[in-house]
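**Student:** What follows is final.csv, CSV, C-alpha atoms.
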```csv
chain,number,residue,atom,x,y,z
Q,12,MET,CA,-24.8,-31.7,-16.6
Q,13,PRO,CA,-23.0,-32.3,-13.4
Q,14,SER,CA,-22.2,-28.9,-12.2
Q,15,ALA,CA,-18.9,-29.5,-10.5
Q,16,THR,CA,-16.3,-32.1,-9.9
Q,17,ALA,CA,-17.0,-31.1,-6.3
Q,18,ASP,CA,-13.3,-31.3,-5.3
Q,19,PHE,CA,-13.3,-27.9,-3.7
Q,20,LEU,CA,-16.5,-28.2,-1.6
Q,21,GLU,CA,-14.9,-27.7,1.8
Q,22,VAL,CA,-14.3,-24.5,3.8
Q,23,GLY,CA,-10.7,-23.4,3.5
Q,24,LYS,CA,-10.1,-24.9,0.1
Q,25,ILE,CA,-8.2,-22.6,-2.3
Q,26,VAL,CA,-8.3,-22.7,-6.1
Q,27,THR,CA,-5.9,-20.6,-8.1
Q,28,LEU,CA,-5.5,-19.6,-11.8
Q,29,PRO,CA,-2.2,-18.1,-13.0
Q,30,ILE,CA,-2.7,-15.5,-15.9
Q,31,ASP,CA,-0.1,-14.7,-18.6
Q,32,ALA,CA,1.6,-11.3,-18.3
Q,33,ILE,CA,-0.5,-8.4,-19.4
Q,34,THR,CA,0.6,-7.0,-22.8
Q,35,ARG,CA,-0.2,-3.8,-24.6
Q,36,THR,CA,-1.6,-5.8,-27.5
Q,37,GLN,CA,-4.0,-7.5,-25.1
Q,38,LEU,CA,-5.2,-4.1,-23.8
Q,39,ALA,CA,-5.9,-2.9,-27.4
Q,40,LEU,CA,-7.7,-6.1,-28.2
Q,41,TYR,CA,-9.7,-6.0,-24.9
Q,42,ALA,CA,-10.8,-2.5,-25.7
Q,43,GLY,CA,-12.3,-3.8,-28.9
Q,44,ALA,CA,-13.7,-7.0,-27.5
Q,45,SER,CA,-15.2,-5.4,-24.4
Q,46,GLY,CA,-16.5,-2.2,-26.0
Q,47,ASP,CA,-14.7,-0.2,-23.4
Q,48,HIS,CA,-12.8,2.3,-25.5
Q,49,ASN,CA,-11.5,4.6,-22.8
Q,50,PRO,CA,-8.2,5.8,-24.3
Q,51,ILE,CA,-6.5,5.7,-20.9
Q,52,HIS,CA,-6.0,2.0,-21.5
Q,53,ILE,CA,-4.7,2.1,-25.0
Q,54,ASP,CA,-3.2,5.5,-25.8
Q,55,ILE,CA,0.0,6.4,-23.8
Q,56,ASP,CA,-0.3,10.1,-24.9
Q,57,PHE,CA,-3.7,10.3,-23.4
Q,58,ALA,CA,-2.7,8.4,-20.2
Q,59,ARG,CA,0.3,10.8,-19.7
Q,60,ALA,CA,-1.9,13.8,-20.2
Q,61,ALA,CA,-4.2,12.4,-17.5
Q,62,GLY,CA,-1.2,12.3,-15.1
Q,63,MET,CA,-0.6,8.5,-15.4
Q,64,PRO,CA,2.9,7.2,-16.2
Q,65,ASP,CA,1.6,4.7,-18.7
Q,66,VAL,CA,-1.5,3.0,-19.9
Q,67,PHE,CA,-2.9,0.4,-17.5
Q,68,ALA,CA,-5.3,-2.5,-17.8
Q,69,HIS,CA,-9.1,-2.2,-17.7
Q,70,GLY,CA,-10.3,-3.3,-14.3
Q,71,MET,CA,-12.9,-5.4,-16.1
Q,72,LEU,CA,-10.1,-7.4,-17.7
Q,73,GLY,CA,-8.9,-8.3,-14.2
Q,74,MET,CA,-12.5,-9.2,-13.3
Q,75,ALA,CA,-12.7,-11.3,-16.5
Q,76,PHE,CA,-9.7,-13.4,-15.3
Q,77,LEU,CA,-11.5,-14.0,-12.0
Q,78,GLY,CA,-14.5,-15.0,-14.0
Q,79,ARG,CA,-12.3,-17.5,-15.8
Q,80,LEU,CA,-11.4,-18.9,-12.4
Q,81,LEU,CA,-15.0,-19.3,-11.4
Q,82,THR,CA,-16.0,-21.0,-14.7
Q,83,SER,CA,-13.0,-23.3,-14.3
Q,84,MET,CA,-14.7,-24.5,-11.1
Q,85,VAL,CA,-18.4,-24.6,-12.1
Q,86,GLY,CA,-20.6,-24.0,-15.0
Q,87,PRO,CA,-21.6,-20.4,-15.5
Q,88,GLU,CA,-25.2,-21.2,-14.5
Q,89,CYS,CA,-24.0,-22.0,-11.0
Q,90,ILE,CA,-22.8,-18.4,-10.3
Q,91,ARG,CA,-25.5,-16.5,-8.3
Q,92,SER,CA,-23.4,-13.4,-7.6
Q,93,PHE,CA,-19.9,-12.1,-8.4
Q,94,SER,CA,-18.6,-8.8,-7.1
Q,95,VAL,CA,-15.2,-7.1,-6.9
Q,96,ARG,CA,-13.5,-4.0,-5.7
Q,97,PHE,CA,-10.7,-2.7,-7.8
Q,98,VAL,CA,-8.0,-2.2,-5.2
Q,99,SER,CA,-5.1,-1.0,-7.3
Q,100,ILE,CA,-4.1,-0.5,-11.0
Q,101,ILE,CA,-3.1,-3.5,-13.1
Q,102,ASN,CA,0.0,-2.6,-15.0
Q,103,VAL,CA,1.4,-3.8,-18.3
Q,104,GLY,CA,3.7,-6.8,-17.5
Q,105,ASP,CA,1.8,-7.8,-14.4
Q,106,ARG,CA,1.4,-11.5,-14.0
Q,107,LEU,CA,-1.7,-12.1,-12.0
Q,108,ILE,CA,-2.6,-15.0,-9.9
Q,109,CYS,CA,-6.4,-15.3,-9.4
Q,110,SER,CA,-7.5,-17.1,-6.2
Q,111,ALA,CA,-10.7,-18.3,-4.7
Q,112,THR,CA,-11.1,-19.4,-1.1
Q,113,VAL,CA,-14.1,-21.3,0.1
Q,114,THR,CA,-15.5,-19.5,3.1
Q,115,ARG,CA,-18.9,-21.2,3.3
Q,116,CYS,CA,-20.1,-24.5,2.0
Q,117,GLU,CA,-23.5,-25.9,2.9
Q,118,LEU,CA,-24.7,-29.1,1.5
Q,119,ALA,CA,-28.4,-30.0,1.4
Q,120,GLU,CA,-30.4,-32.4,-0.8
Q,121,GLY,CA,-27.7,-32.6,-3.5
Q,122,VAL,CA,-27.2,-28.9,-3.7
Q,123,ALA,CA,-24.2,-27.1,-2.5
Q,124,SER,CA,-24.4,-23.4,-1.5
Q,125,VAL,CA,-20.9,-22.0,-1.6
Q,126,THR,CA,-19.4,-18.6,-0.9
Q,127,LEU,CA,-16.0,-17.8,-2.3
Q,128,GLU,CA,-13.6,-15.0,-1.3
Q,129,LEU,CA,-11.7,-13.8,-4.4
Q,130,SER,CA,-8.5,-12.0,-4.9
Q,131,SER,CA,-6.1,-11.3,-7.7
Q,132,ALA,CA,-2.5,-10.2,-7.0
Q,133,ASN,CA,0.6,-9.7,-9.2
Q,134,GLN,CA,4.0,-11.4,-9.1
Q,135,ALA,CA,5.1,-9.0,-6.3
Q,136,GLY,CA,2.1,-10.0,-4.2
Q,137,ASP,CA,0.4,-6.6,-4.8
Q,138,VAL,CA,-3.3,-7.1,-4.5
Q,139,LYS,CA,-5.2,-5.8,-7.5
Q,140,LEU,CA,-8.8,-7.0,-7.0
Q,141,VAL,CA,-10.7,-8.4,-4.1
Q,142,GLY,CA,-14.2,-9.8,-4.2
Q,143,ALA,CA,-16.7,-12.5,-3.5
Q,144,ALA,CA,-18.9,-14.9,-5.4
Q,145,GLU,CA,-21.9,-17.1,-4.4
Q,146,LEU,CA,-22.4,-20.4,-6.1
Q,147,THR,CA,-25.3,-22.8,-6.2
Q,148,ILE,CA,-24.1,-26.2,-7.4
Q,149,VAL,CA,-26.4,-29.1,-8.2
Q,150,LEU,CA,-24.3,-32.1,-7.5
Q,151,LEU,CA,-26.6,-34.5,-9.3
Q,152,ALA,CA,-26.4,-35.0,-13.1
Q,153,GLU,CA,-29.3,-32.6,-13.7
Q,154,LYS,CA,-29.5,-29.4,-15.5
Q,155,VAL,CA,-29.8,-26.3,-13.4
Q,156,ASP,CA,-30.8,-24.0,-16.2
Q,157,GLU,CA,-32.7,-25.0,-19.3
K,113,MET,CA,-22.4,-10.7,1.7
K,114,SER,CA,-19.8,-9.3,-0.7
K,115,VAL,CA,-17.0,-6.9,-0.5
K,116,ALA,CA,-18.6,-4.6,-3.0
K,117,ALA,CA,-21.8,-4.6,-1.1
K,118,THR,CA,-20.6,-2.5,1.8
K,119,GLU,CA,-23.1,0.2,2.0
K,120,PRO,CA,-21.7,3.5,0.8
K,121,ALA,CA,-21.8,6.1,3.6
K,122,PHE,CA,-23.5,9.2,2.2
K,123,VAL,CA,-21.5,12.0,3.7
K,124,PRO,CA,-23.0,15.4,3.2
K,125,THR,CA,-20.3,18.0,2.7
K,126,ASN,CA,-20.2,21.7,2.5
K,127,ALA,CA,-21.5,23.1,-0.8
K,128,ASN,CA,-18.7,22.9,-3.4
K,129,LYS,CA,-19.3,23.9,-7.0
K,130,SER,CA,-17.0,21.1,-8.3
K,131,MET,CA,-19.1,18.4,-6.6
K,132,LEU,CA,-21.4,16.3,-8.7
K,133,ASP,CA,-25.1,17.2,-8.6
K,134,ARG,CA,-26.8,14.7,-6.3
K,135,SER,CA,-30.2,15.5,-7.8
K,136,PHE,CA,-29.2,13.1,-10.7
K,137,ILE,CA,-29.7,10.2,-8.3
K,138,GLY,CA,-32.6,8.2,-9.7
K,139,SER,CA,-32.1,9.4,-13.2
K,140,ALA,CA,-33.0,6.7,-15.7
K,141,PHE,CA,-31.3,6.1,-19.0
K,142,LYS,CA,-33.1,5.1,-22.2
K,143,PRO,CA,-33.4,1.3,-22.3
K,144,PHE,CA,-31.7,-0.5,-25.2
K,145,SER,CA,-31.6,-4.0,-26.6
K,146,ILE,CA,-28.7,-5.9,-28.1
K,147,ALA,CA,-28.3,-9.3,-29.7
K,148,VAL,CA,-25.7,-11.6,-28.3
K,149,GLU,CA,-23.5,-12.4,-31.3
K,150,PRO,CA,-21.3,-15.6,-31.5
K,151,GLY,CA,-18.5,-13.7,-33.1
K,152,ARG,CA,-18.2,-11.2,-30.3
K,153,LEU,CA,-18.2,-14.0,-27.7
K,154,LYS,CA,-15.5,-15.8,-29.6
K,155,PHE,CA,-13.3,-12.6,-29.8
K,156,PHE,CA,-13.9,-11.9,-26.1
K,157,ALA,CA,-12.9,-15.5,-25.1
K,158,LYS,CA,-9.7,-15.3,-27.1
K,159,VAL,CA,-8.7,-11.9,-25.6
K,160,ILE,CA,-9.2,-13.0,-22.0
K,161,GLY,CA,-7.4,-16.3,-22.6
K,162,GLU,CA,-10.6,-18.4,-22.1
K,163,THR,CA,-9.9,-21.9,-23.5
K,164,ASP,CA,-13.1,-23.6,-22.4
K,165,PRO,CA,-15.0,-24.2,-25.7
K,166,LEU,CA,-18.3,-23.7,-23.8
K,167,PHE,CA,-17.7,-20.0,-24.4
K,168,PHE,CA,-17.0,-20.1,-28.2
K,169,ASP,CA,-17.9,-23.4,-29.8
K,170,ARG,CA,-21.6,-24.1,-30.3
K,171,SER,CA,-21.2,-27.8,-30.8
K,172,ALA,CA,-19.1,-28.1,-27.6
K,173,ALA,CA,-21.7,-26.1,-25.7
K,174,LYS,CA,-24.5,-28.3,-27.0
K,175,ALA,CA,-22.6,-31.5,-26.2
K,176,ALA,CA,-22.2,-30.2,-22.6
K,177,GLY,CA,-26.0,-29.9,-22.4
K,178,TYR,CA,-26.4,-26.1,-23.0
K,179,LYS,CA,-28.7,-24.6,-25.6
K,180,ASP,CA,-25.9,-22.5,-27.2
K,181,VAL,CA,-22.6,-20.8,-26.5
K,182,MET,CA,-22.6,-19.4,-23.0
K,183,VAL,CA,-22.1,-15.7,-22.1
K,184,PRO,CA,-19.1,-15.5,-19.7
K,185,PRO,CA,-19.7,-13.9,-16.3
K,186,THR,CA,-18.4,-10.4,-17.0
K,187,PHE,CA,-19.5,-10.1,-20.6
K,188,LEU,CA,-22.9,-8.7,-19.7
K,189,TRP,CA,-21.2,-5.6,-18.6
K,190,CYS,CA,-19.4,-5.4,-22.0
K,191,LEU,CA,-22.6,-5.6,-23.9
K,192,GLU,CA,-23.9,-2.5,-22.1
K,193,MET,CA,-21.0,-0.6,-23.7
K,194,ALA,CA,-22.7,-1.0,-27.0
K,195,ARG,CA,-25.5,1.4,-26.0
K,196,GLU,CA,-26.0,4.5,-28.1
K,197,ASN,CA,-23.8,6.6,-25.9
K,198,PRO,CA,-21.5,4.5,-23.6
K,199,LEU,CA,-20.5,7.8,-22.0
K,200,ASP,CA,-24.0,8.7,-21.0
K,201,THR,CA,-23.4,8.7,-17.3
K,202,LEU,CA,-20.3,10.8,-17.6
K,203,ASP,CA,-22.0,13.2,-20.0
K,204,LEU,CA,-25.1,13.6,-17.8
K,205,LEU,CA,-23.0,14.4,-14.8
K,206,GLY,CA,-20.3,16.4,-16.6
K,207,ILE,CA,-17.4,14.1,-15.7
K,208,ASP,CA,-14.1,14.1,-17.6
K,209,ILE,CA,-13.3,10.5,-18.7
K,210,ALA,CA,-9.6,11.1,-17.8
K,211,LYS,CA,-10.6,11.5,-14.2
K,212,ILE,CA,-12.4,8.2,-13.6
K,213,LEU,CA,-11.5,4.8,-12.3
K,214,HIS,CA,-13.6,1.8,-12.0
K,215,GLY,CA,-14.1,1.3,-8.3
K,216,GLU,CA,-16.4,-1.7,-7.8
K,217,GLN,CA,-18.4,-4.0,-9.9
K,218,SER,CA,-21.0,-6.5,-9.0
K,219,PHE,CA,-23.3,-8.9,-10.8
K,220,ARG,CA,-26.3,-10.8,-9.6
K,221,TYR,CA,-27.4,-13.6,-11.9
K,222,PHE,CA,-30.9,-14.9,-12.3
K,223,LYS,CA,-30.8,-16.8,-15.6
K,224,SER,CA,-28.1,-17.9,-18.0
K,225,ALA,CA,-27.5,-15.8,-21.2
K,226,TYR,CA,-26.6,-17.5,-24.5
K,227,SER,CA,-25.4,-16.6,-27.9
K,228,GLY,CA,-28.6,-15.7,-29.9
K,229,ASP,CA,-30.3,-14.1,-27.0
K,230,ARG,CA,-31.7,-10.6,-27.3
K,231,LEU,CA,-31.1,-8.7,-24.1
K,232,THR,CA,-32.7,-5.5,-22.9
K,233,TYR,CA,-30.8,-3.2,-20.6
K,234,LYS,CA,-32.5,-0.7,-18.2
K,235,ALA,CA,-30.1,1.5,-16.2
K,236,HIS,CA,-30.3,4.3,-13.7
K,237,ILE,CA,-28.1,6.3,-11.4
K,238,ALA,CA,-28.5,4.6,-8.0
K,239,ASP,CA,-26.2,6.8,-5.9
K,240,ILE,CA,-23.7,9.6,-5.8
K,241,TYR,CA,-21.5,10.1,-2.8
K,242,ASP,CA,-18.0,11.3,-1.8
K,243,LYS,CA,-15.1,10.4,0.4
K,244,LYS,CA,-12.0,12.3,1.6
K,245,LYS,CA,-13.8,15.6,1.8
K,246,GLY,CA,-14.9,15.4,-1.8
K,247,GLN,CA,-11.5,14.5,-3.3
K,248,LEU,CA,-13.1,11.3,-4.4
K,249,GLU,CA,-16.6,11.1,-5.7
K,250,PHE,CA,-18.5,7.9,-6.4
K,251,VAL,CA,-21.2,7.3,-9.0
K,252,VAL,CA,-23.2,4.1,-8.8
K,253,ARG,CA,-25.1,2.9,-11.9
K,254,GLU,CA,-27.5,0.0,-11.6
K,255,THR,CA,-28.6,-2.0,-14.6
K,256,GLN,CA,-31.4,-4.6,-15.0
K,257,ILE,CA,-31.1,-7.0,-17.8
K,258,ILE,CA,-34.0,-9.1,-19.2
K,259,ASN,CA,-34.0,-11.5,-22.1
K,260,GLN,CA,-36.2,-11.9,-25.1
K,261,ASP,CA,-38.8,-13.8,-23.0
K,262,ASP,CA,-38.9,-10.9,-20.4
K,263,VAL,CA,-37.1,-13.1,-18.0
K,264,PRO,CA,-34.7,-11.3,-15.6
K,265,VAL,CA,-31.1,-12.3,-16.5
K,266,ALA,CA,-28.9,-10.2,-14.2
K,267,GLU,CA,-28.5,-7.1,-12.3
K,268,LEU,CA,-25.3,-5.0,-12.5
K,269,ARG,CA,-24.0,-2.5,-10.1
K,270,THR,CA,-21.1,-0.3,-11.4
K,271,THR,CA,-19.3,2.1,-9.2
K,272,VAL,CA,-17.1,4.7,-10.9
K,273,ILE,CA,-14.6,6.8,-8.9
K,274,VAL,CA,-14.1,10.4,-10.0
K,275,ARG,CA,-10.7,11.9,-8.9
K,276,ASN,CA,-11.2,15.6,-8.0
K,277,ASP,CA,-7.5,16.4,-7.6
```
Turn this file's structure into structure tokens for me.
**Tutor:**
Amino acid sequence: MPSATADFLEVGKIVTLPIDAITRTQLALYAGASGDHNPIHIDIDFARAAGMPDVFAHGMLGMAFLGRLLTSMVGPECIRSFSVRFVSIINVGDRLICSATVTRCELAEGVASVTLELSSANQAGDVKLVGAAELTIVLLAEKVDE
Amino acid sequence: MSVAATEPAFVPTNANKSMLDRSFIGSAFKPFSIAVEPGRLKFFAKVIGETDPLFFDRSAAKAAGYKDVMVPPTFLWCLEMARENPLDTLDLLGIDIAKILHGEQSFRYFKSAYSGDRLTYKAHIADIYDKKKGQLEFVVRETQIINQDDVPVAELRTTVIVRND
């Protein structure tokens, strides 16, 4: 398959993905879907006993949103690496905007090697995750991974 | 290369009984295998708001040229939570789950994973270090994943922060 529409293949290009507000229901469902049953994300009594004012989102839910941004840009087989640092806690009600900035783009023989700088911030501009991803994109209509 | 790849400075500190035992660095966990189930992928896609049918609809994935429904980028981490004891790192080191935060996470991908694959996870403790004079300790778990054909699929690096306050 063609790996990308290639419309972001230029240093400085920014691609964003807005995410719906985080809800308590989503945290409960994510605990089940992800297998991460840490009660601090779903049980307010436990969270308060641990010194937190409320439950808060799983960091990996925030990373999953950045993953959605990546796979909105390229097929998953194009992603070579994907890493994040969880900078601050994602709260219930946060509306995140995921963003990827192209910091490197090298084209050779129909293959693009791309480095992205990633971030995710809420409606107030508070940064929640920062990270990076490396992509290898075959620009011809050939499969990368069979 | 990446933000998470900044090398952790191992700062030796004065002996403190509450500090994690560094001798666990290198400890390996029992490997485990898990089948990638289409129902779990569908549920995961729904919860994270993924609307691309590549991640939940087999016919759409096939039409796009893939052999089956694709595993989304972070789901490999989620599958590791299905091991016999998902708290094995915490239990081994004696860490209270109420004290932890996920600090960093990285993935290196070698081969796509699909619904129907059987993946084997092999993990070990790669590092333990501290910052802020031991107020924060960091435990790094590295996991290698291979598929049913013994082909490397991905390598995960999970950094958990322990709050010693």
**Student:** Name the closest residue to Phe222 in chain K among the candidates Q:Leu140, Q:Ala44, Q:Leu146, Q:Ala123; distances are taken between atoms, counting only C-alpha atoms.
**Tutor:**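 Selected residue with least distance to Phe222 in chain K: Q:Leu146.
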**Student:** When you count only C-alpha atoms, which of these residues is closest to chain K: Q:Glu145, Q:Ala132, Q:Arg96, Q:Leu107?
**Tutor:** Q:Arg96
**Student:** Using all atoms listed in the file, find the one residue out of K:Gly138, K:Pro185, K:Pro165, K:Pro143 that sits nearest to chain Q.
**Tutor:**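 For chain Q, the nearest of the candidates is K:Pro185.
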**Student:** Have a look at CA of Val103 in chain Q and CA of Ala194 in chain K and let me know their distance in Å, one decimal.
**Tutor:**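 Pair CA of Val103 in chain Q / CA of Ala194 in chain K returns 25.8 Å.
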**Student:** Rounded to one decimal in Å, what is the spacing between CA of Tyr241 in chain K and CA of Gly62 in chain Q?
**Tutor:**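 A separation of 23.8 Å between them.
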**Student:** Please report as CSV every residue of chain K lying within 6 Å of chain Q, along with the nearest atom pair and their distance in Å (one decimal), using only C-alpha atoms.
**Tutor:**
```
residue,atom,partner,partner_atom,distance
K:Ser114,CA,Q:Ala143,CA,5.3
K:Val115,CA,Q:Gly142,CA,5.5
K:Ala116,CA,Q:Val95,CA,5.7
K:Phe156,CA,Q:Ala44,CA,5.1
K:Pro185,CA,Q:Gly78,CA,5.8
K:Thr186,CA,Q:Ala75,CA,5.8
K:Cys190,CA,Q:Ser45,CA,4.8
K:Met193,CA,Q:Gly46,CA,5.3
K:Ala210,CA,Q:Ala61,CA,5.6
K:Gly215,CA,Q:Phe97,CA,5.3
K:Glu216,CA,Q:Arg96,CA,4.3
K:Gln217,CA,Q:Val95,CA,5.4
K:Ser218,CA,Q:Ser94,CA,3.8
K:Phe219,CA,Q:Phe93,CA,5.2
K:Arg220,CA,Q:Ser92,CA,4.4
K:Tyr221,CA,Q:Arg91,CA,5.0
K:Ser224,CA,Q:Glu88,CA,5.6
```
**Student:** Calculate how many Å separate CA of Gln260 in chain K from CA of Gly151 in chain K, rounding to one decimal.
**Tutor:**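 CA of Gly151 in chain K lies 19.5 Å from CA of Gln260 in chain K.
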**Student:** Would you mind telling me which residue in K:Asp203, K:Glu192, K:Asp261, K:Glu249 lies nearest to Phe144 in chain K when using all atoms listed in the file?
**Tutor:**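 Residue with the minimum atom-to-atom distance to Phe144 in chain K: K:Glu192.
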**Student:** Given only C-alpha atoms as the basis, pick out the residue of K:Val274, K:Ala225, K:Ala176, K:Ala266 nearest to Gln247 in chain K.
**Tutor:**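 Of K:Val274, K:Ala225, K:Ala176, K:Ala266, the one nearest Gln247 in chain K, counting only C-alpha atoms, is K:Val274.
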**Student:** Identify which of the residues Q:Leu150, Q:Val22, Q:Ala135, Q:Met84 lies closest to Ile101 in chain Q, counting all atoms listed in the file when measuring atom-to-atom distances.
**Tutor:**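 Of Q:Leu150, Q:Val22, Q:Ala135, Q:Met84, the one nearest Ile101 in chain Q is Q:Ala135, counting all atoms listed in the file.
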**Student:** Which neighbours of Leu248 in chain K fall inside 6 Å, counting only C-alpha atoms, when residues of the same chain fewer than 3 positions from it are skipped, and could you give them as a list of chain:residue names?
**Tutor:**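 Those residues are K:Asp242, K:Lys243, K:Val274, K:Arg275, K:Asn276.
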**Student:** Could I get range 16-37 of chain Q rebuilt with N, CA and C atoms, written as a short mmCIF file (atom, residue, chain, number, x, y, z; two decimals), in the coordinates of the input?
**Tutor:**
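For reference, out-v1.cif as written:
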```cif
data_model
loop_
_atom_site.label_atom_id
_atom_site.label_comp_id
_atom_site.auth_asym_id
_atom_site.auth_seq_id
_atom_site.Cartn_x
_atom_site.Cartn_y
_atom_site.Cartn_z
N THR Q 16 -17.04 -30.90 -10.27
CA THR Q 16 -16.30 -32.10 -9.90
C THR Q 16 -16.37 -32.20 -8.33
N ALA Q 17 -16.75 -31.09 -7.70
CA ALA Q 17 -17.00 -31.10 -6.30
C ALA Q 17 -15.71 -31.23 -5.43
N ASP Q 18 -14.56 -31.09 -6.07
CA ASP Q 18 -13.30 -31.30 -5.30
C ASP Q 18 -12.92 -30.13 -4.44
N PHE Q 19 -13.65 -29.02 -4.55
CA PHE Q 19 -13.30 -27.90 -3.70
C PHE Q 19 -14.35 -27.59 -2.65
N LEU Q 20 -15.31 -28.51 -2.50
CA LEU Q 20 -16.50 -28.20 -1.60
C LEU Q 20 -16.13 -28.43 -0.15
N GLU Q 21 -15.27 -27.57 0.35
CA GLU Q 21 -14.90 -27.70 1.80
C GLU Q 21 -14.34 -26.30 2.18
N VAL Q 22 -14.79 -25.81 3.31
CA VAL Q 22 -14.30 -24.50 3.80
C VAL Q 22 -12.81 -24.52 3.93
N GLY Q 23 -12.19 -23.48 3.41
CA GLY Q 23 -10.70 -23.40 3.50
C GLY Q 23 -10.02 -23.80 2.22
N LYS Q 24 -10.72 -24.51 1.32
CA LYS Q 24 -10.10 -24.90 0.10
C LYS Q 24 -9.77 -23.70 -0.79
N ILE Q 25 -8.65 -23.74 -1.44
CA ILE Q 25 -8.20 -22.60 -2.30
C ILE Q 25 -7.98 -23.13 -3.70
N VAL Q 26 -8.54 -22.41 -4.67
CA VAL Q 26 -8.30 -22.70 -6.10
C VAL Q 26 -7.67 -21.52 -6.74
N THR Q 27 -6.63 -21.76 -7.52
CA THR Q 27 -5.90 -20.60 -8.10
C THR Q 27 -5.86 -20.78 -9.65
N LEU Q 28 -5.65 -19.66 -10.31
CA LEU Q 28 -5.50 -19.60 -11.80
C LEU Q 28 -4.41 -18.60 -12.10
N PRO Q 29 -3.25 -19.04 -12.62
CA PRO Q 29 -2.20 -18.10 -13.00
C PRO Q 29 -2.59 -17.51 -14.42
N ILE Q 30 -2.32 -16.24 -14.60
CA ILE Q 30 -2.70 -15.50 -15.90
C ILE Q 30 -1.36 -15.07 -16.51
N ASP Q 31 -1.30 -15.17 -17.84
CA ASP Q 31 -0.10 -14.70 -18.60
C ASP Q 31 0.06 -13.19 -18.36
N ALA Q 32 1.30 -12.73 -18.50
CA ALA Q 32 1.60 -11.30 -18.30
C ALA Q 32 0.74 -10.44 -19.23
N ILE Q 33 0.28 -9.33 -18.67
CA ILE Q 33 -0.50 -8.40 -19.40
C ILE Q 33 0.34 -7.69 -20.48
N THR Q 34 -0.15 -7.66 -21.72
CA THR Q 34 0.60 -7.00 -22.80
C THR Q 34 -0.22 -5.81 -23.33
N ARG Q 35 0.47 -4.90 -24.00
CA ARG Q 35 -0.20 -3.80 -24.60
C ARG Q 35 -1.17 -4.24 -25.71
N THR Q 36 -0.74 -5.25 -26.44
CA THR Q 36 -1.60 -5.80 -27.50
C THR Q 36 -2.92 -6.30 -26.87
N GLN Q 37 -2.80 -6.97 -25.71
CA GLN Q 37 -4.00 -7.50 -25.10
C GLN Q 37 -4.94 -6.33 -24.66
#
```
